[in-house]
Amino acid sequence: MDRRPRMTKSSAGQATHHSPVAPKRERRPSMFEKEAYAQILRERLRESVHDVQYVEPPFDDSIADIGKEWKSALAKLKFANSYRMEPLKKFQAHSVEIKVQQMLKESLKDVKYDDKAFSHLSLDLADRVLATVKEFGYHRYKFIVKVLFIEKTGQAINIASRWIWDVAWDSWVEAKHETESYVALVLVFALYCE
C-alpha cells in the first residue's frame with residue numbers, strides 16, 4: 001500500500017504559496033582562522049581605545065566661564081583602563097631620603113629660628129621637596145609632604161601619623177636637620193594609587 005498524505009483543500013492552498021526566502025547572511029570568520037583573528041582583534045580594540053587630550057585652561061575669562069568650558073571639555077574625555085595593579089617602578093625610599101636630606105641641609109644651613117618667617121619657609125620647602133620627589137618619576141604615586149619646624153626650648157615632642165596603608169607598595173621617608181635653636185623635620189609619604 002502506498003502511503004501518501006491526503007491533501008485537503010486548506011492544506012493544498014497552503015502548499016502552493018511559497019514562503020519568502022531570507023537572504024543568506026555572510027558567514028562570520030572563526031577566530032581560529034589566521035586572517036580572521038587579526039580582523040576580530042582590530043574590531044574589538046577599535047571600540048576600547050580612546051584618545052586622551054589635555055585641555056589648557058583659559059586665563060583671560062571669568063571664573064564662571066572657565067567652569068563651563070572645563071565641564072564641557074571633561075565630558076568629551078574618555079580614558080582607557082590599564083588594569084595595572086602594581087607600579088612600573090617601586091618607590092625607593094633610601095634614594096629619596098638621601099636627596100631630600102641633602103636638599104634640606106643646603107636650604108637651612110644659615111637659617112636662624114624665626115617663627116614668623118618659618119610659616120612661609122615651610123610652604124616653600126614643601127613645594128621644593130615635592131618637586132624633587134616627582135623628578136624620580138614614580139608613576140601613579142601620590143605624595144604627601146609634611147614640614148615641621150620645632151624650636152628647642154627643652155621640651156619633648158611626639159609626632160604620629162595614621163594612614164590606610166598597603167605594605168607592598170606604600171612607603172614613607174623622614175629627613176631631619178638640627179641646629180642649636182630648632183629642628184626641621186620633613187616627612188614624605190608615597191601612596192600608590194591603582
# chains A, B, ... in the order shown; residues from 1 in each chain; ligands from 1

call {"tool": "residues_around", "arguments": {"residues": "segment 160-165 of chain A", "least_positions_apart": "4", "cutoff": "10 Å", "atoms": "only C-alpha atoms", "output": "PDB file with N, CA and C atoms, in the first residue's frame"}}
result
ATOM      1  N   TRP A 169      53.332  48.361  48.496  1.00  0.00           N
ATOM      2  CA  TRP A 169      53.728  49.448  47.582  1.00  0.00           C
ATOM      3  C   TRP A 169      53.891  50.804  48.258  1.00  0.00           C
ATOM      4  N   ASP A 170      53.218  51.057  49.363  1.00  0.00           N
ATOM      5  CA  ASP A 170      53.300  52.364  50.013  1.00  0.00           C
ATOM      6  C   ASP A 170      54.523  52.442  50.917  1.00  0.00           C
ATOM      7  N   SER A 171      55.048  53.661  51.068  1.00  0.00           N
ATOM      8  CA  SER A 171      56.233  53.841  51.898  1.00  0.00           C
ATOM      9  C   SER A 171      56.300  55.288  52.383  1.00  0.00           C
ATOM     10  N   LEU A 187      58.604  64.948  56.368  1.00  0.00           N
ATOM     11  CA  LEU A 187      58.036  63.618  56.178  1.00  0.00           C
ATOM     12  C   LEU A 187      57.427  63.560  54.785  1.00  0.00           C
ATOM     13  N   PHE A 189      55.274  60.977  52.376  1.00  0.00           N
ATOM     14  CA  PHE A 189      54.502  59.741  52.288  1.00  0.00           C
ATOM     15  C   PHE A 189      54.217  59.467  50.818  1.00  0.00           C
ATOM     16  N   LEU A 191      52.052  57.132  48.370  1.00  0.00           N
ATOM     17  CA  LEU A 191      50.905  56.235  48.350  1.00  0.00           C
ATOM     18  C   LEU A 191      50.602  55.850  46.922  1.00  0.00           C
ATOM     19  N   TYR A 192      50.615  54.555  46.637  1.00  0.00           N
ATOM     20  CA  TYR A 192      50.361  54.078  45.282  1.00  0.00           C
ATOM     21  C   TYR A 192      48.854  54.027  45.014  1.00  0.00           C
TER      22      TYR A 192
END

call {"tool": "atom_distance", "arguments": {"atom1": "atom CA of Thr179 of chain A", "atom2": "atom CA of Leu121 of chain A"}}
result
16.0 Å

call {"tool": "residues_around", "arguments": {"residues": "Lys112 of chain A", "least_positions_apart": "6", "cutoff": "10 Å", "atoms": "only C-alpha atoms", "output": "MDAnalysis selection string"}}
result
chainID A and resid 118 179:182

call {"tool": "write_last_selection", "arguments": {"atoms": "C-alpha atoms", "output": "PDB file, in the first residue's frame"}}
result
ATOM      1  CA  PHE A 118      59.154  79.769  59.101  1.00  0.00           C
ATOM      2  CA  THR A 179      70.658  73.264  64.649  1.00  0.00           C
ATOM      3  CA  GLU A 180      71.231  74.847  68.077  1.00  0.00           C
ATOM      4  CA  SER A 181      67.860  76.633  68.085  1.00  0.00           C
ATOM      5  CA  TYR A 182      65.465  74.404  66.098  1.00  0.00           C
TER       6      TYR A 182
END
